[in-house]
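Reading through the structure tokens given below for one structure.
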Amino acid sequence: MLLTIAHRTTYRYDAPPPYGVMRLRVCPRSLGPQRVLDWQIDIEGAERQVSYRDHMGNEVWLISTTGASDRIDVTARGRVETRETHGVFGPHRSLAPLWLFTRQTRLTAPGDGVARLIQGMADEPGGPPANRGARAGGLPLAHLLMERVAQAVAYDTDDTHPATTAEEALARGTGVCQDHSHIMIAAARQLGIPARYVSGYLRLDDREDQTATHAWAELHLDGLGWVGFDASNRISPDERYVRIASGLDYDDAAPMGGVRYGSADESLDVHLSIGEQ
């Protein structure tokens with residue numbers, strides 16, 4: 001599938017901030033089931049300072065602003081060719097060791113909610129016996145976990161935010177793709193399965209225009225390597241998905257984030273268009 005993507009993010013301030021630094025992860029790489037044919041990033045109201053590949057293998061741009069503008073526009077656009085692999089991304093190839101992805105973070109720290117979610121799952125066929133340490137469980141177990149996450153947390157765009165933890169989303173019973181991903185990652189790691197967060201794009205079947213990027217979880221399974229699970233849609237990623245970045249949680253893979261000086265109020269507008277050629 002050949003996907004055309006245009007992703008525009010606009011930050012507006014009621015007064016120009018005197019100084020700010022922003023980190024961008026909006027540049028996909030040719031990896032696994034996707035091939036980037038062309039891609040460009042345009043910036044208005046800020047200046048690019050440096051670009052690099054981080055320890056997770058993500059392409060990162062740093063941009064800064066020095067009080068000359070009350071608006072920052074970042075537009076990423078290009079074409080990506082994808083193919084169907086039924087969610088299988090493949091073997092682990094990263095500077096970060098595989099064991100790192102069994103470590104919980106602030107956003108994925110398990111509590112009573114995760115404990116209830118995975119109750120009895122270690123006894124399921126393909127479940128990871130205690131003596132297997134951080135090795136992965138089987139594919140059926142991962143699909144069962146995805147279904148449990150989807151049943152536990154209904155999709156609702158109005159109830160959580162990027163700092164919401166897995167346990168908080170479970171307690172509320174509502175959330176969005178990042179919450180589903182954090183919960184699945186927390187549960188998988190608690191079962192001894194390496195898991196990571198993936199940010200990216202999803203081509204919707206009923207429309208091209210969207211207002212947000214997407215996210216899903218990947219679990220490292222014996223014999224398959226990394227396999228994706230999108231609990232929000234109850235499927236493994238197919239050729240409609242484009243990955244941008246991955247990491248231990250949202251903080252490692254967020255499309256944009258940064259810091260600024262000053263007390264100006266900020267508003268954010270995102271427009272995303274994904275079409276098929």
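Ordering of the structure tokens sets the chain letters (A, B, ...), residue numbers begin anew at 1 in every chain, and ligands are numbered from 1 in the order given.
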So that I can see what lies close to Gly258 of chain A, please list as a PDB file with C-alpha atoms, in the first residue's frame the residues with an atom at most 10 Å from it, counting only C-alpha atoms and leaving out residues fewer than 4 positions away in the same chain.
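Listed below is the output, result-v2.pdb:
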```pdb
ATOM      1  CA  GLY A  20      12.020  27.318  23.959  1.00  0.00           C
ATOM      2  CA  VAL A  21      13.421  23.996  22.790  1.00  0.00           C
ATOM      3  CA  MET A  22      11.327  21.313  21.157  1.00  0.00           C
ATOM      4  CA  ARG A  23      12.115  17.727  20.241  1.00  0.00           C
ATOM      5  CA  LEU A  24      10.484  16.331  17.087  1.00  0.00           C
ATOM      6  CA  LEU A  62      15.780  19.605  17.950  1.00  0.00           C
ATOM      7  CA  ILE A  63      14.345  23.035  17.164  1.00  0.00           C
ATOM      8  CA  SER A  64      14.446  26.274  19.164  1.00  0.00           C
TER       9      SER A  64
END
```
Just list the residues in segment 12-151 of chain A DSSP gives alpha helix (DSSP H) on the backbone, as an NGL selection string.
:A and (112-117 or 139-151)
Generate a file of the selected residues that holds all heavy atoms, formatted as a short mmCIF file (atom, residue, chain, number, x, y, z; two decimals), in the first residue's frame.
```cif
data_model
loop_
_atom_site.label_atom_id
_atom_site.label_comp_id
_atom_site.auth_asym_id
_atom_site.auth_seq_id
_atom_site.Cartn_x
_atom_site.Cartn_y
_atom_site.Cartn_z
N ASP A 112 -2.68 -2.71 41.37
CA ASP A 112 -3.79 -3.66 41.54
C ASP A 112 -4.56 -3.86 40.23
O ASP A 112 -5.03 -4.97 39.95
CB ASP A 112 -4.74 -3.17 42.63
CG ASP A 112 -4.11 -3.21 44.02
OD1 ASP A 112 -3.09 -3.92 44.18
OD2 ASP A 112 -4.63 -2.53 44.92
N GLY A 113 -4.70 -2.80 39.44
CA GLY A 113 -5.45 -2.92 38.19
C GLY A 113 -4.79 -3.87 37.22
O GLY A 113 -5.46 -4.73 36.61
N VAL A 114 -3.50 -3.74 37.04
CA VAL A 114 -2.77 -4.64 36.14
C VAL A 114 -2.80 -6.07 36.70
O VAL A 114 -2.96 -7.04 35.95
CB VAL A 114 -1.33 -4.15 35.93
CG1 VAL A 114 -0.49 -5.21 35.23
CG2 VAL A 114 -1.32 -2.86 35.13
N ALA A 115 -2.67 -6.20 38.02
CA ALA A 115 -2.70 -7.53 38.63
C ALA A 115 -4.03 -8.23 38.34
O ALA A 115 -4.06 -9.43 38.02
CB ALA A 115 -2.47 -7.41 40.14
N ARG A 116 -5.13 -7.50 38.44
CA ARG A 116 -6.43 -8.10 38.12
C ARG A 116 -6.53 -8.44 36.64
O ARG A 116 -7.11 -9.46 36.26
CB ARG A 116 -7.56 -7.14 38.53
CG ARG A 116 -7.78 -7.04 40.03
CD ARG A 116 -9.06 -6.28 40.35
NE ARG A 116 -8.98 -4.89 39.93
CZ ARG A 116 -8.54 -3.89 40.70
NH1 ARG A 116 -8.12 -4.15 41.93
NH2 ARG A 116 -8.51 -2.65 40.26
N LEU A 117 -5.98 -7.57 35.81
CA LEU A 117 -6.07 -7.77 34.36
C LEU A 117 -5.39 -9.07 33.92
O LEU A 117 -5.90 -9.78 33.05
CB LEU A 117 -5.43 -6.59 33.64
CG LEU A 117 -5.56 -6.56 32.11
CD1 LEU A 117 -6.98 -6.21 31.69
CD2 LEU A 117 -4.58 -5.55 31.52
N LEU A 139 1.97 -16.33 21.07
CA LEU A 139 1.08 -15.43 20.33
C LEU A 139 -0.36 -15.48 20.85
O LEU A 139 -0.99 -14.43 20.99
CB LEU A 139 1.15 -15.77 18.84
CG LEU A 139 0.45 -14.82 17.88
CD1 LEU A 139 1.06 -13.42 17.95
CD2 LEU A 139 0.55 -15.37 16.44
N PRO A 140 -0.93 -16.66 21.13
CA PRO A 140 -2.29 -16.67 21.68
C PRO A 140 -2.42 -15.89 22.98
O PRO A 140 -3.42 -15.20 23.20
CB PRO A 140 -2.58 -18.17 21.89
CG PRO A 140 -1.67 -18.87 20.94
CD PRO A 140 -0.42 -18.03 20.92
N LEU A 141 -1.41 -15.99 23.83
CA LEU A 141 -1.44 -15.24 25.09
C LEU A 141 -1.47 -13.74 24.83
O LEU A 141 -2.21 -12.99 25.47
CB LEU A 141 -0.21 -15.60 25.93
CG LEU A 141 -0.12 -14.90 27.29
CD1 LEU A 141 -1.01 -15.59 28.31
CD2 LEU A 141 1.33 -14.88 27.78
N ALA A 142 -0.68 -13.28 23.84
CA ALA A 142 -0.63 -11.85 23.53
C ALA A 142 -1.97 -11.36 22.99
O ALA A 142 -2.42 -10.26 23.34
CB ALA A 142 0.48 -11.59 22.51
N HIS A 143 -2.61 -12.15 22.15
CA HIS A 143 -3.92 -11.75 21.63
C HIS A 143 -4.97 -11.74 22.75
O HIS A 143 -5.85 -10.88 22.77
CB HIS A 143 -4.35 -12.68 20.50
CG HIS A 143 -3.72 -12.35 19.18
ND1 HIS A 143 -4.11 -11.26 18.43
CD2 HIS A 143 -2.72 -12.95 18.49
CE1 HIS A 143 -3.40 -11.20 17.32
NE2 HIS A 143 -2.54 -12.21 17.33
N LEU A 144 -4.88 -12.68 23.67
CA LEU A 144 -5.79 -12.69 24.81
C LEU A 144 -5.59 -11.44 25.66
O LEU A 144 -6.56 -10.81 26.10
CB LEU A 144 -5.56 -13.94 25.65
CG LEU A 144 -6.34 -14.03 26.98
CD1 LEU A 144 -7.85 -14.00 26.73
CD2 LEU A 144 -5.94 -15.29 27.75
N LEU A 145 -4.32 -11.06 25.86
CA LEU A 145 -4.04 -9.85 26.64
C LEU A 145 -4.61 -8.62 25.94
O LEU A 145 -5.20 -7.75 26.59
CB LEU A 145 -2.53 -9.71 26.82
CG LEU A 145 -2.05 -8.46 27.57
CD1 LEU A 145 -2.68 -8.37 28.95
CD2 LEU A 145 -0.53 -8.46 27.67
N MET A 146 -4.45 -8.52 24.62
CA MET A 146 -5.00 -7.38 23.89
C MET A 146 -6.51 -7.30 24.08
O MET A 146 -7.07 -6.21 24.29
CB MET A 146 -4.65 -7.50 22.41
CG MET A 146 -5.26 -6.38 21.55
SD MET A 146 -4.68 -6.39 19.83
CE MET A 146 -5.40 -7.94 19.23
N GLU A 147 -7.19 -8.43 24.02
CA GLU A 147 -8.64 -8.44 24.18
C GLU A 147 -9.04 -8.01 25.59
O GLU A 147 -10.01 -7.26 25.77
CB GLU A 147 -9.19 -9.83 23.87
CG GLU A 147 -10.71 -9.93 23.87
CD GLU A 147 -11.36 -9.04 22.82
OE1 GLU A 147 -10.71 -8.75 21.78
OE2 GLU A 147 -12.53 -8.62 23.03
N ARG A 148 -8.29 -8.43 26.58
CA ARG A 148 -8.60 -8.03 27.96
C ARG A 148 -8.42 -6.52 28.14
O ARG A 148 -9.21 -5.88 28.82
CB ARG A 148 -7.70 -8.79 28.95
CG ARG A 148 -8.06 -10.24 29.14
CD ARG A 148 -7.36 -10.83 30.36
NE ARG A 148 -7.70 -12.22 30.58
CZ ARG A 148 -7.32 -12.93 31.64
NH1 ARG A 148 -6.59 -12.36 32.58
NH2 ARG A 148 -7.67 -14.19 31.77
N VAL A 149 -7.38 -5.97 27.54
CA VAL A 149 -7.16 -4.52 27.64
C VAL A 149 -8.32 -3.78 26.98
O VAL A 149 -8.85 -2.80 27.54
CB VAL A 149 -5.82 -4.14 26.98
CG1 VAL A 149 -5.69 -2.61 26.91
CG2 VAL A 149 -4.66 -4.74 27.74
N ALA A 150 -8.73 -4.21 25.80
CA ALA A 150 -9.81 -3.55 25.08
C ALA A 150 -11.12 -3.61 25.87
O ALA A 150 -11.91 -2.64 25.88
CB ALA A 150 -9.99 -4.18 23.70
N GLN A 151 -11.36 -4.71 26.54
CA GLN A 151 -12.59 -4.85 27.33
C GLN A 151 -12.54 -4.01 28.60
O GLN A 151 -13.57 -3.51 29.06
CB GLN A 151 -12.81 -6.32 27.68
CG GLN A 151 -13.18 -7.20 26.50
CD GLN A 151 -13.31 -8.67 26.88
OE1 GLN A 151 -13.07 -9.05 28.03
NE2 GLN A 151 -13.67 -9.49 25.92
#
```
Closest contacts (segment 57-78 of chain A/segment 239-255 of chain A, max 10 Å, only C-alpha atoms) as a Markdown table:
```
| residue | atom | partner | partner_atom | distance |
| --- | --- | --- | --- | --- |
| A:Gly57 | CA | A:Ala245 | CA | 7.9 |
| A:Asn58 | CA | A:Ala245 | CA | 5.3 |
| A:Glu59 | CA | A:Ala245 | CA | 7.6 |
| A:Val60 | CA | A:Ala245 | CA | 9.2 |
```
Exercise: Ser267 of chain A partners within 9 Å, only C-alpha atoms, chain neighbours under 5 positions left out, as a VMD selection string:
chain A and resid 10 to 14
Take atom CA of Ala217 of chain A and atom CA of Gly175 of chain A and report the distance between them in Å, one decimal.
14.8 Å
One number please: atom CA of Pro97 of chain A to atom CA of Met56 of chain A, in Å, one decimal.
9.7 Å
Quick one: of A:His92, A:Arg53, A:Arg260, A:Arg8, who's nearest to Leu219 of chain A, counting only C-alpha atoms?
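Closest to Leu219 of chain A of all the choices is A:His92.
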Pull the strand (DSSP E) assignments for segment 56-242 of chain A out of DSSP run on the backbone, and list those residues as a PyMOL selection string.
chain A and resi 59-65+71-82+88-90+154-155+174-175+195-202+209-210+214-221+225-229+241-242
Ranking A:Gln34, A:Ser273, A:Gln178, A:Gln119 by minimum distance to Ala6 of chain A and counting only C-alpha atoms, which one comes first?
A:Ser273
Residues near His180 of chain A, cut-off 6 Å, only C-alpha atoms, skip fewer than 3 positions along chain, as a PyMOL selection string
chain A and resi 177+183+231
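In this comparison, which uses only C-alpha atoms, the residue of A:Gly111, A:Gly223, A:Gly262, A:Pro28 approaching Tyr201 of chain A most closely is A:Pro28.
In this comparison, which uses only C-alpha atoms, the residue of A:Met1, A:Phe229, A:Met256, A:Arg196 approaching Thr213 of chain A most closely is A:Met256.
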From the list A:Ala96, A:Ala154, A:Ala76, A:Leu170, the nearest residue to Arg25 of chain A using only C-alpha atoms is A:Ala76
Pick from A:Ala15, A:Val227, A:Leu3, A:Ala152 nearest to Val80 of chain A, counting only C-alpha atoms:
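The answer is A:Leu3, which sits nearest to Val80 of chain A.
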For Asp238 of chain A, work out the shell of residues within 8 Å, counting only C-alpha atoms and skipping chain neighbours fewer than 2 positions away, then give it as JSON, numbers by chain.
{"A": [83, 84, 85, 86, 87, 236, 240, 241]}
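For Gly67 of chain A, the non-local neighbours within 9 Å, defined as residues at least 3 positions apart in the same chain or in other chains and counting only C-alpha atoms, are A:Ala15, A:Pro16, A:Pro17, A:Pro18, A:Tyr19, A:Gly20, A:Asp70.
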Pull the closest atom pair for each residue of segment 154-230 of chain A that gets at most 12 Å from segment 102-110 of chain A, along with the distance in Å to one decimal, counting only C-alpha atoms, ordering rows by chain and then ascending residue number, as CSV.
```
residue,atom,partner,partner_atom,distance
A:His161,CA,A:Leu107,CA,11.5
A:Pro162,CA,A:Leu107,CA,9.2
A:Ala163,CA,A:Leu107,CA,7.2
A:Thr164,CA,A:Leu107,CA,7.0
A:Thr165,CA,A:Leu107,CA,4.4
A:Ala166,CA,A:Thr108,CA,5.3
A:Glu167,CA,A:Pro110,CA,6.6
A:Glu168,CA,A:Leu107,CA,9.3
A:Ala169,CA,A:Leu107,CA,10.3
A:Leu170,CA,A:Pro110,CA,10.4
A:Ala171,CA,A:Pro110,CA,12.0
A:Gln178,CA,A:Leu107,CA,10.2
A:Asp179,CA,A:Leu107,CA,9.1
A:His180,CA,A:Thr108,CA,10.7
A:Ser181,CA,A:Thr108,CA,9.2
A:His182,CA,A:Thr108,CA,5.5
A:Ile183,CA,A:Thr108,CA,6.6
A:Met184,CA,A:Thr108,CA,8.8
A:Ile185,CA,A:Thr108,CA,6.8
A:Ala186,CA,A:Thr108,CA,4.8
A:Ala187,CA,A:Pro110,CA,7.2
A:Ala188,CA,A:Thr102,CA,8.3
A:Arg189,CA,A:Thr102,CA,5.0
A:Gln190,CA,A:Pro110,CA,7.4
A:Leu191,CA,A:Thr102,CA,9.2
A:Gly192,CA,A:Thr102,CA,6.6
A:Ile193,CA,A:Thr102,CA,6.5
A:Pro194,CA,A:Thr102,CA,4.7
A:Ala195,CA,A:Thr102,CA,6.5
A:Arg196,CA,A:Thr102,CA,8.7
A:Tyr197,CA,A:Thr108,CA,10.3
A:Ala217,CA,A:Thr108,CA,11.9
A:Leu219,CA,A:Thr102,CA,10.1
A:His220,CA,A:Thr102,CA,10.1
```
Write out, as a compact mmCIF listing (two decimals), in the first residue's frame, the residues just selected, with N, CA, C and O atoms.
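Output (result10.txt):
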```
# COMPACT_ATOMS: atom_id res chain seq x y z
N HIS A 161 -4.95 12.10 29.38
CA HIS A 161 -3.98 13.01 28.78
C HIS A 161 -2.63 12.29 28.71
O HIS A 161 -2.50 11.17 29.25
N PRO A 162 -1.60 12.88 28.08
CA PRO A 162 -0.34 12.16 27.90
C PRO A 162 0.33 11.70 29.19
O PRO A 162 1.10 10.74 29.17
N ALA A 163 0.05 12.36 30.32
CA ALA A 163 0.68 11.97 31.58
C ALA A 163 -0.12 10.92 32.35
O ALA A 163 0.30 10.48 33.43
N THR A 164 -1.26 10.48 31.82
CA THR A 164 -2.07 9.47 32.49
C THR A 164 -1.32 8.14 32.51
O THR A 164 -0.81 7.68 31.49
N THR A 165 -1.27 7.50 33.66
CA THR A 165 -0.57 6.23 33.78
C THR A 165 -1.49 5.06 33.43
O THR A 165 -2.72 5.21 33.35
N ALA A 166 -0.89 3.90 33.24
CA ALA A 166 -1.67 2.70 32.95
C ALA A 166 -2.68 2.40 34.05
O ALA A 166 -3.84 2.10 33.79
N GLU A 167 -2.24 2.52 35.30
CA GLU A 167 -3.14 2.24 36.42
C GLU A 167 -4.28 3.25 36.50
O GLU A 167 -5.42 2.90 36.80
N GLU A 168 -3.99 4.52 36.22
CA GLU A 168 -5.04 5.53 36.25
C GLU A 168 -6.08 5.27 35.17
O GLU A 168 -7.29 5.41 35.39
N ALA A 169 -5.64 4.90 33.97
CA ALA A 169 -6.59 4.61 32.89
C ALA A 169 -7.43 3.38 33.22
O ALA A 169 -8.64 3.34 32.95
N LEU A 170 -6.82 2.37 33.81
CA LEU A 170 -7.59 1.18 34.21
C LEU A 170 -8.63 1.54 35.27
O LEU A 170 -9.77 1.05 35.22
N ALA A 171 -8.26 2.40 36.21
CA ALA A 171 -9.21 2.79 37.26
C ALA A 171 -10.38 3.57 36.67
O ALA A 171 -11.53 3.41 37.12
N GLN A 178 -2.91 5.65 23.48
CA GLN A 178 -1.71 5.63 24.32
C GLN A 178 -1.98 4.94 25.65
O GLN A 178 -1.10 4.25 26.20
N ASP A 179 -3.20 5.07 26.18
CA ASP A 179 -3.55 4.39 27.42
C ASP A 179 -3.62 2.88 27.21
O ASP A 179 -3.09 2.10 28.02
N HIS A 180 -4.28 2.46 26.14
CA HIS A 180 -4.33 1.03 25.82
C HIS A 180 -2.91 0.47 25.68
O HIS A 180 -2.61 -0.63 26.15
N SER A 181 -2.05 1.23 25.02
CA SER A 181 -0.67 0.77 24.81
C SER A 181 0.08 0.66 26.13
O SER A 181 0.77 -0.34 26.38
N HIS A 182 -0.04 1.66 26.99
CA HIS A 182 0.64 1.62 28.28
C HIS A 182 0.15 0.46 29.13
O HIS A 182 0.95 -0.21 29.81
N ILE A 183 -1.14 0.20 29.11
CA ILE A 183 -1.68 -0.91 29.91
C ILE A 183 -1.16 -2.24 29.38
O ILE A 183 -0.73 -3.11 30.16
N MET A 184 -1.18 -2.42 28.07
CA MET A 184 -0.71 -3.68 27.50
C MET A 184 0.77 -3.89 27.78
O MET A 184 1.22 -5.00 28.07
N ILE A 185 1.54 -2.81 27.68
CA ILE A 185 2.97 -2.89 27.97
C ILE A 185 3.21 -3.24 29.43
O ILE A 185 4.03 -4.11 29.76
N ALA A 186 2.49 -2.58 30.34
CA ALA A 186 2.64 -2.85 31.77
C ALA A 186 2.32 -4.30 32.08
O ALA A 186 3.05 -4.97 32.83
N ALA A 187 1.24 -4.80 31.51
CA ALA A 187 0.81 -6.17 31.76
C ALA A 187 1.80 -7.17 31.18
O ALA A 187 2.14 -8.17 31.82
N ALA A 188 2.25 -6.92 29.95
CA ALA A 188 3.20 -7.84 29.32
C ALA A 188 4.49 -7.91 30.11
O ALA A 188 5.02 -9.02 30.36
N ARG A 189 5.02 -6.78 30.54
CA ARG A 189 6.26 -6.78 31.32
C ARG A 189 6.07 -7.50 32.64
O ARG A 189 6.98 -8.18 33.13
N GLN A 190 4.89 -7.36 33.23
CA GLN A 190 4.62 -8.04 34.48
C GLN A 190 4.63 -9.56 34.28
O GLN A 190 4.96 -10.32 35.20
N LEU A 191 4.29 -10.00 33.07
CA LEU A 191 4.33 -11.42 32.72
C LEU A 191 5.71 -11.87 32.25
O LEU A 191 5.89 -13.03 31.87
N GLY A 192 6.68 -10.95 32.24
CA GLY A 192 8.02 -11.29 31.80
C GLY A 192 8.25 -11.16 30.31
O GLY A 192 9.24 -11.67 29.78
N ILE A 193 7.36 -10.49 29.61
CA ILE A 193 7.45 -10.33 28.16
C ILE A 193 8.00 -8.96 27.82
O ILE A 193 7.41 -7.95 28.22
N PRO A 194 9.10 -8.84 27.10
CA PRO A 194 9.57 -7.52 26.67
C PRO A 194 8.50 -6.83 25.83
O PRO A 194 7.87 -7.44 24.97
N ALA A 195 8.29 -5.54 26.10
CA ALA A 195 7.25 -4.80 25.40
C ALA A 195 7.70 -3.36 25.19
O ALA A 195 8.46 -2.82 26.00
N ARG A 196 7.23 -2.75 24.10
CA ARG A 196 7.59 -1.36 23.82
C ARG A 196 6.42 -0.61 23.23
O ARG A 196 5.46 -1.20 22.71
N TYR A 197 6.51 0.69 23.30
CA TYR A 197 5.50 1.63 22.82
C TYR A 197 5.90 2.10 21.42
O TYR A 197 7.06 2.42 21.17
N ALA A 217 1.20 -1.09 20.89
CA ALA A 217 2.25 -1.79 21.64
C ALA A 217 2.86 -2.87 20.76
O ALA A 217 2.20 -3.42 19.87
N LEU A 219 5.13 -6.51 21.40
CA LEU A 219 5.64 -7.50 22.34
C LEU A 219 6.65 -8.37 21.62
O LEU A 219 6.49 -8.68 20.43
N HIS A 220 7.70 -8.75 22.32
CA HIS A 220 8.73 -9.61 21.72
C HIS A 220 8.39 -11.06 22.03
O HIS A 220 8.45 -11.50 23.18
```
Any idea what the distance is between atom CA of Thr4 of chain A and atom CA of Gly78 of chain A?
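Straight-line distance from atom CA of Thr4 of chain A to atom CA of Gly78 of chain A works out to 5.9 Å.
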Which neighbours of Ala212 of chain A fall inside 9 Å, counting only C-alpha atoms, when residues of the same chain fewer than 6 positions from it are skipped, and could you give them as a VMD selection string?
chain A and resid 201 270 to 272
Dump of N, CA, C and O atoms for the selected residues, as a PDB file, in the first residue's frame:
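The resulting file, result.pdb, is reproduced below:
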```pdb
ATOM      1  N   TYR A 201       1.252   6.455  12.466  1.00  0.00           N
ATOM      2  CA  TYR A 201       0.060   6.876  11.745  1.00  0.00           C
ATOM      3  C   TYR A 201      -0.787   5.658  11.390  1.00  0.00           C
ATOM      4  O   TYR A 201      -0.261   4.562  11.174  1.00  0.00           O
ATOM      5  N   VAL A 270      -3.727  20.248  15.716  1.00  0.00           N
ATOM      6  CA  VAL A 270      -3.109  19.192  14.909  1.00  0.00           C
ATOM      7  C   VAL A 270      -4.039  18.838  13.768  1.00  0.00           C
ATOM      8  O   VAL A 270      -5.248  18.638  13.968  1.00  0.00           O
ATOM      9  N   HIS A 271      -3.459  18.770  12.572  1.00  0.00           N
ATOM     10  CA  HIS A 271      -4.224  18.280  11.417  1.00  0.00           C
ATOM     11  C   HIS A 271      -3.402  17.228  10.709  1.00  0.00           C
ATOM     12  O   HIS A 271      -2.218  17.431  10.395  1.00  0.00           O
ATOM     13  N   LEU A 272      -4.028  16.107  10.461  1.00  0.00           N
ATOM     14  CA  LEU A 272      -3.354  14.967   9.851  1.00  0.00           C
ATOM     15  C   LEU A 272      -4.196  14.445   8.696  1.00  0.00           C
ATOM     16  O   LEU A 272      -5.400  14.228   8.851  1.00  0.00           O
TER      17      LEU A 272
END
```
